[in-house]
Amino acid sequence: DEAEEMLEETMGMRRALPDVDWLRIAEVELKQVELAMDAADYGPAGELVARLSSQLDNLQGERTALLRAQAEELQGNHRFLIGEPAVAEGHWRQALEILREHELDNSQLGVTLQYNLVMLRGTAGDYPAEIAGLRPLIPKFESTFGLLHPMMQTIEVEMAWALTMVSENAEAIEWAERSLNTAERVYGADHPEVADSLGTVAMIHADLGALAEAASHVERAVEIKRSSLGALHAETGLAHQQLAYVYIRQERYDEAETELAYAREALWETFAADTHRFQADWYFASGGLAEGRGNLELAAERYSAAWKLYEELVGETHVYVSDATTQLARVRAKQDRLEEAQSLYEIGVPILLDLRGPEAASTVREATRWADVLTALDRP
């Protein structure tokens with residue numbers, strides 16, 4: 001709120017000058033877009049940046065080119081945040097092309113755009129390709145931004161997530177701890193970016209079975225996000241969802257239910273119903289809660305909702321689709337609906353084989369469960 005007031009005051013002062021510099025006005029408007037997106041106010045942010053980009057398209061010069069690229073980047077960021085990665089990619093590529101025309105593609109903005117395009121590989125589920133793209137970018141980030149820069153924390157936490165998704169947990173925890181250290185040194189202990197790194201560290205610990213440590217990290221992340229972003233911010237909802245996941249693993253079902261209620265309120269307040277991946281994550285976590293409590297039909301309903309929404313939002317071959325279908329298959333096997341379980345494993349396990357490889361723990365676990373179903377069906 002204070003930042004918005006300061007920007008409005010700045011805008012008024014610049015418009016009052018005898019010779020109005022419209023590019024300086026555009027710079028302030030770009031800051032207003034960034035602020036709106038930080039506050040998850042995506043509708044007004046999208047309208048403002050689209051109008052601004054259209055205005056800048058009619059101007060020439062290197063200074064204008066940089067602003068045009070910034071506007072295209074923000075349009076991409078907006079589309080990504082509302083769950084439209086393919087549209088985001090188009091804007092980011094256009095921004096990078098504008099910079100290349102002026103030999104600015106290795107500027108801070110240019111390197112950031114290169115990172116965004118690599119990160120989209122992970123969004124599409126191709127984590128090996130994302131990891132391969134991130135490795136040469138990390139030294140470029142270090143030389144462009146310096147070691148103590150917010151973008152270093154961004155790429156470190158992304159590397160940690162990508163490594164987790166291919167079950168490279170030992171290296172993943174190193175990158176996650178590194179991102180947490182960077183975030184605390186750059187932002188201080190109580191910043192939302194610190195909470196993001198805490199969440200990443202926690203999820204890796206949870207996958208390794210260190211549930212008490214995972215819970216402690218996410219509980220702190222929730223506190224930070226509620227106090228800094230507010231209870232109804234989408235990122236706060238995600239933190240509550242992560243905490244629910246850990247509580248379910250600990251069989252703390254009542255506490256998990258409370259966390260999921262907080263998450264649903266925040267996510268459905270921010271996004272239209274069933275339009276964002278975080279909401280698919282909510283259905284998935286809710287399925288885990290129902291399964292833990294023995295309500296298999298509700299679990300199947302929620303896993304199925306997650307599966308369909310993941311397919312719609314991230315594609316049929318994403319690892320999230322595998323997670324949802326294999327969990328649903330497990331529930332159907334518990335219900336002795338073995339033919340359905342077999343069909344679901346037939347969807348999910350090949351995705352794991354392709355994206356995580358045959359030796360990943362999750363691939364081995366789900367392939368073994370599939371084999372058990374086939375044995376029960378008396379099939380080789």
# chains A, B, ... in the order shown; residues from 1 in each chain; ligands from 1
$ residues_around --residues "stretch 336-341 of chain A" --least-positions-apart "6" --cutoff "7 Å" --atoms "only C-alpha atoms" --output "ChimeraX atom specification"
/A:329-330,373
$ residues_around --residues "A:Pro136" --least-positions-apart "6" --cutoff "12 Å" --atoms "only C-alpha atoms" --output "PyMOL selection string"
chain A and resi 111+114-115+118+130+142-143+155+159
$ closest_atom_pairs --of "stretch 118-198 of chain A" --to "stretch 78-87 of chain A" --cutoff "9 Å" --atoms "only C-alpha atoms" --output "Markdown table"
| residue | atom | partner | partner_atom | distance |
| --- | --- | --- | --- | --- |
| A:Leu120 | CA | A:Pro85 | CA | 7.2 |
| A:Thr123 | CA | A:Pro85 | CA | 7.8 |
| A:Ala124 | CA | A:Pro85 | CA | 8.7 |
$ write_last_selection --atoms "N, CA and C atoms" --output "PDB file, in the first residue's frame"
ATOM      1  N   LEU A 120      10.497 -22.904 -18.328  1.00  0.00           N
ATOM      2  CA  LEU A 120       9.283 -23.444 -18.938  1.00  0.00           C
ATOM      3  C   LEU A 120       9.412 -24.930 -19.270  1.00  0.00           C
ATOM      4  N   THR A 123       8.145 -26.548 -16.334  1.00  0.00           N
ATOM      5  CA  THR A 123       6.695 -26.381 -16.287  1.00  0.00           C
ATOM      6  C   THR A 123       6.004 -27.414 -17.175  1.00  0.00           C
ATOM      7  N   ALA A 124       6.638 -27.739 -18.296  1.00  0.00           N
ATOM      8  CA  ALA A 124       6.086 -28.749 -19.205  1.00  0.00           C
ATOM      9  C   ALA A 124       6.399 -30.171 -18.764  1.00  0.00           C
TER      10      ALA A 124
END
$ select_by_dssp --residues "stretch 143-355 of chain A" --states "alpha helix (DSSP H)" --output "MDAnalysis selection string"
chainID A and resid 143:145 150:165 169:187 192:207 211:228 234:249 253:270 277:292 296:314 319:334 338:355
$ closest_residue --among "A:Thr144, A:Gln70, A:Gln242, A:Thr317" --to "A:Gly125" --atoms "only C-alpha atoms"
A:Thr317
$ closest_residue --among "A:Trp161, A:Tyr320, A:Trp282, A:Tyr303" --to "A:Leu352" --atoms "only C-alpha atoms"
A:Tyr320
$ residues_around --residues "A:Glu251" --least-positions-apart "5" --cutoff "12 Å" --atoms "only C-alpha atoms" --output "VMD selection string"
chain A and resid 211 to 212 244 to 246 256 to 257 288 to 294
$ write_last_selection --atoms "N, CA and C atoms" --output "CSV table (one decimal), in the first residue's frame"
chain,number,residue,atom,x,y,z
A,211,LEU,N,10.3,-35.9,8.4
A,211,LEU,CA,9.0,-35.2,8.5
A,211,LEU,C,9.0,-34.1,9.5
A,212,ALA,N,9.6,-34.3,10.7
A,212,ALA,CA,9.6,-33.3,11.7
A,212,ALA,C,10.3,-32.0,11.3
A,244,ALA,N,0.0,-28.8,4.8
A,244,ALA,CA,-1.0,-29.9,4.9
A,244,ALA,C,-0.4,-31.2,4.4
A,245,TYR,N,0.4,-31.1,3.3
A,245,TYR,CA,1.1,-32.3,2.7
A,245,TYR,C,1.9,-33.0,3.8
A,246,VAL,N,2.7,-32.2,4.5
A,246,VAL,CA,3.6,-32.8,5.6
A,246,VAL,C,2.8,-33.4,6.7
A,256,ALA,N,-4.1,-31.1,9.1
A,256,ALA,CA,-4.0,-31.0,7.7
A,256,ALA,C,-5.3,-30.5,7.1
A,257,GLU,N,-6.4,-30.9,7.6
A,257,GLU,CA,-7.7,-30.4,7.1
A,257,GLU,C,-7.8,-28.9,7.3
A,288,GLY,N,-5.1,-37.0,-0.7
A,288,GLY,CA,-4.3,-37.7,0.2
A,288,GLY,C,-4.8,-37.7,1.6
A,289,LEU,N,-5.5,-36.6,2.0
A,289,LEU,CA,-6.1,-36.5,3.3
A,289,LEU,C,-7.3,-37.5,3.4
A,290,ALA,N,-8.1,-37.5,2.4
A,290,ALA,CA,-9.2,-38.5,2.4
A,290,ALA,C,-8.8,-39.9,2.4
A,291,GLU,N,-7.7,-40.2,1.7
A,291,GLU,CA,-7.2,-41.6,1.7
A,291,GLU,C,-6.6,-41.9,3.0
A,292,GLY,N,-5.9,-41.0,3.7
A,292,GLY,CA,-5.3,-41.3,5.0
A,292,GLY,C,-6.4,-41.6,6.0
A,293,ARG,N,-7.6,-40.9,5.9
A,293,ARG,CA,-8.7,-41.2,6.8
A,293,ARG,C,-9.5,-42.4,6.4
A,294,GLY,N,-9.2,-43.0,5.3
A,294,GLY,CA,-9.9,-44.2,4.9
A,294,GLY,C,-11.2,-43.9,4.0
$ decode --residues "stretch 297-323 of chain A" --atoms "N, CA, C and O atoms" --output "tab-separated table (two decimals), in the first residue's frame"
chain	number	residue	atom	x	y	z
A	297	GLU	N	-13.61	-43.36	-1.49
A	297	GLU	CA	-14.39	-42.81	-2.60
A	297	GLU	C	-14.13	-41.31	-2.76
A	297	GLU	O	-14.00	-40.80	-3.88
A	298	LEU	N	-14.06	-40.59	-1.63
A	298	LEU	CA	-13.72	-39.17	-1.70
A	298	LEU	C	-12.30	-38.98	-2.21
A	298	LEU	O	-12.03	-38.06	-3.00
A	299	ALA	N	-11.39	-39.84	-1.77
A	299	ALA	CA	-10.01	-39.76	-2.25
A	299	ALA	C	-9.97	-39.92	-3.77
A	299	ALA	O	-9.28	-39.16	-4.47
A	300	ALA	N	-10.71	-40.91	-4.28
A	300	ALA	CA	-10.75	-41.13	-5.72
A	300	ALA	C	-11.32	-39.93	-6.46
A	300	ALA	O	-10.81	-39.52	-7.52
A	301	GLU	N	-12.34	-39.33	-5.88
A	301	GLU	CA	-12.95	-38.14	-6.50
A	301	GLU	C	-11.95	-36.99	-6.59
A	301	GLU	O	-11.84	-36.32	-7.62
A	302	ARG	N	-11.20	-36.77	-5.51
A	302	ARG	CA	-10.25	-35.65	-5.50
A	302	ARG	C	-9.04	-35.92	-6.38
A	302	ARG	O	-8.56	-35.03	-7.09
A	303	TYR	N	-8.50	-37.15	-6.35
A	303	TYR	CA	-7.38	-37.47	-7.24
A	303	TYR	C	-7.80	-37.35	-8.70
A	303	TYR	O	-7.03	-36.88	-9.55
A	304	SER	N	-9.02	-37.76	-9.01
A	304	SER	CA	-9.51	-37.66	-10.37
A	304	SER	C	-9.64	-36.20	-10.81
A	304	SER	O	-9.28	-35.84	-11.94
A	305	ALA	N	-10.13	-35.34	-9.90
A	305	ALA	CA	-10.23	-33.92	-10.22
A	305	ALA	C	-8.84	-33.32	-10.47
A	305	ALA	O	-8.65	-32.52	-11.40
A	306	ALA	N	-7.86	-33.73	-9.65
A	306	ALA	CA	-6.49	-33.25	-9.85
A	306	ALA	C	-5.95	-33.71	-11.20
A	306	ALA	O	-5.35	-32.92	-11.95
A	307	TRP	N	-6.16	-34.96	-11.52
A	307	TRP	CA	-5.68	-35.53	-12.78
A	307	TRP	C	-6.23	-34.75	-13.97
A	307	TRP	O	-5.47	-34.31	-14.84
A	308	LYS	N	-7.53	-34.53	-14.01
A	308	LYS	CA	-8.14	-33.86	-15.14
A	308	LYS	C	-7.67	-32.41	-15.26
A	308	LYS	O	-7.43	-31.91	-16.37
A	309	LEU	N	-7.51	-31.74	-14.12
A	309	LEU	CA	-7.06	-30.36	-14.16
A	309	LEU	C	-5.59	-30.26	-14.55
A	309	LEU	O	-5.20	-29.36	-15.31
A	310	TYR	N	-4.78	-31.18	-14.07
A	310	TYR	CA	-3.38	-31.21	-14.50
A	310	TYR	C	-3.29	-31.42	-16.02
A	310	TYR	O	-2.50	-30.74	-16.69
A	311	GLU	N	-4.05	-32.35	-16.53
A	311	GLU	CA	-4.02	-32.60	-17.97
A	311	GLU	C	-4.38	-31.33	-18.74
A	311	GLU	O	-3.75	-31.02	-19.76
A	312	GLU	N	-5.37	-30.63	-18.26
A	312	GLU	CA	-5.82	-29.42	-18.94
A	312	GLU	C	-4.78	-28.31	-18.86
A	312	GLU	O	-4.56	-27.58	-19.84
A	313	LEU	N	-4.10	-28.18	-17.72
A	313	LEU	CA	-3.24	-27.03	-17.49
A	313	LEU	C	-1.79	-27.26	-17.90
A	313	LEU	O	-1.12	-26.32	-18.37
A	314	VAL	N	-1.26	-28.48	-17.71
A	314	VAL	CA	0.16	-28.70	-17.98
A	314	VAL	C	0.42	-29.80	-19.01
A	314	VAL	O	1.57	-30.05	-19.36
A	315	GLY	N	-0.62	-30.46	-19.49
A	315	GLY	CA	-0.44	-31.46	-20.54
A	315	GLY	C	-0.51	-32.89	-20.04
A	315	GLY	O	-0.32	-33.16	-18.85
A	316	GLU	N	-0.77	-33.81	-20.96
A	316	GLU	CA	-1.03	-35.20	-20.60
A	316	GLU	C	0.20	-35.98	-20.17
A	316	GLU	O	0.06	-37.05	-19.57
A	317	THR	N	1.39	-35.48	-20.48
A	317	THR	CA	2.60	-36.25	-20.18
A	317	THR	C	3.44	-35.62	-19.08
A	317	THR	O	4.62	-35.94	-18.93
A	318	HIS	N	2.84	-34.73	-18.31
A	318	HIS	CA	3.56	-34.09	-17.21
A	318	HIS	C	3.63	-35.02	-16.02
A	318	HIS	O	2.74	-35.85	-15.79
A	319	VAL	N	4.69	-34.87	-15.21
A	319	VAL	CA	4.87	-35.75	-14.05
A	319	VAL	C	3.71	-35.59	-13.05
A	319	VAL	O	3.37	-36.53	-12.34
A	320	TYR	N	3.08	-34.41	-13.01
A	320	TYR	CA	1.93	-34.24	-12.11
A	320	TYR	C	0.78	-35.17	-12.51
A	320	TYR	O	0.04	-35.66	-11.65
A	321	VAL	N	0.62	-35.38	-13.81
A	321	VAL	CA	-0.41	-36.32	-14.28
A	321	VAL	C	-0.07	-37.73	-13.80
A	321	VAL	O	-0.95	-38.48	-13.35
A	322	SER	N	1.21	-38.08	-13.86
A	322	SER	CA	1.63	-39.38	-13.36
A	322	SER	C	1.33	-39.52	-11.87
A	322	SER	O	0.81	-40.55	-11.42
A	323	ASP	N	1.66	-38.48	-11.09
A	323	ASP	CA	1.40	-38.54	-9.65
A	323	ASP	C	-0.08	-38.76	-9.36
A	323	ASP	O	-0.44	-39.58	-8.51
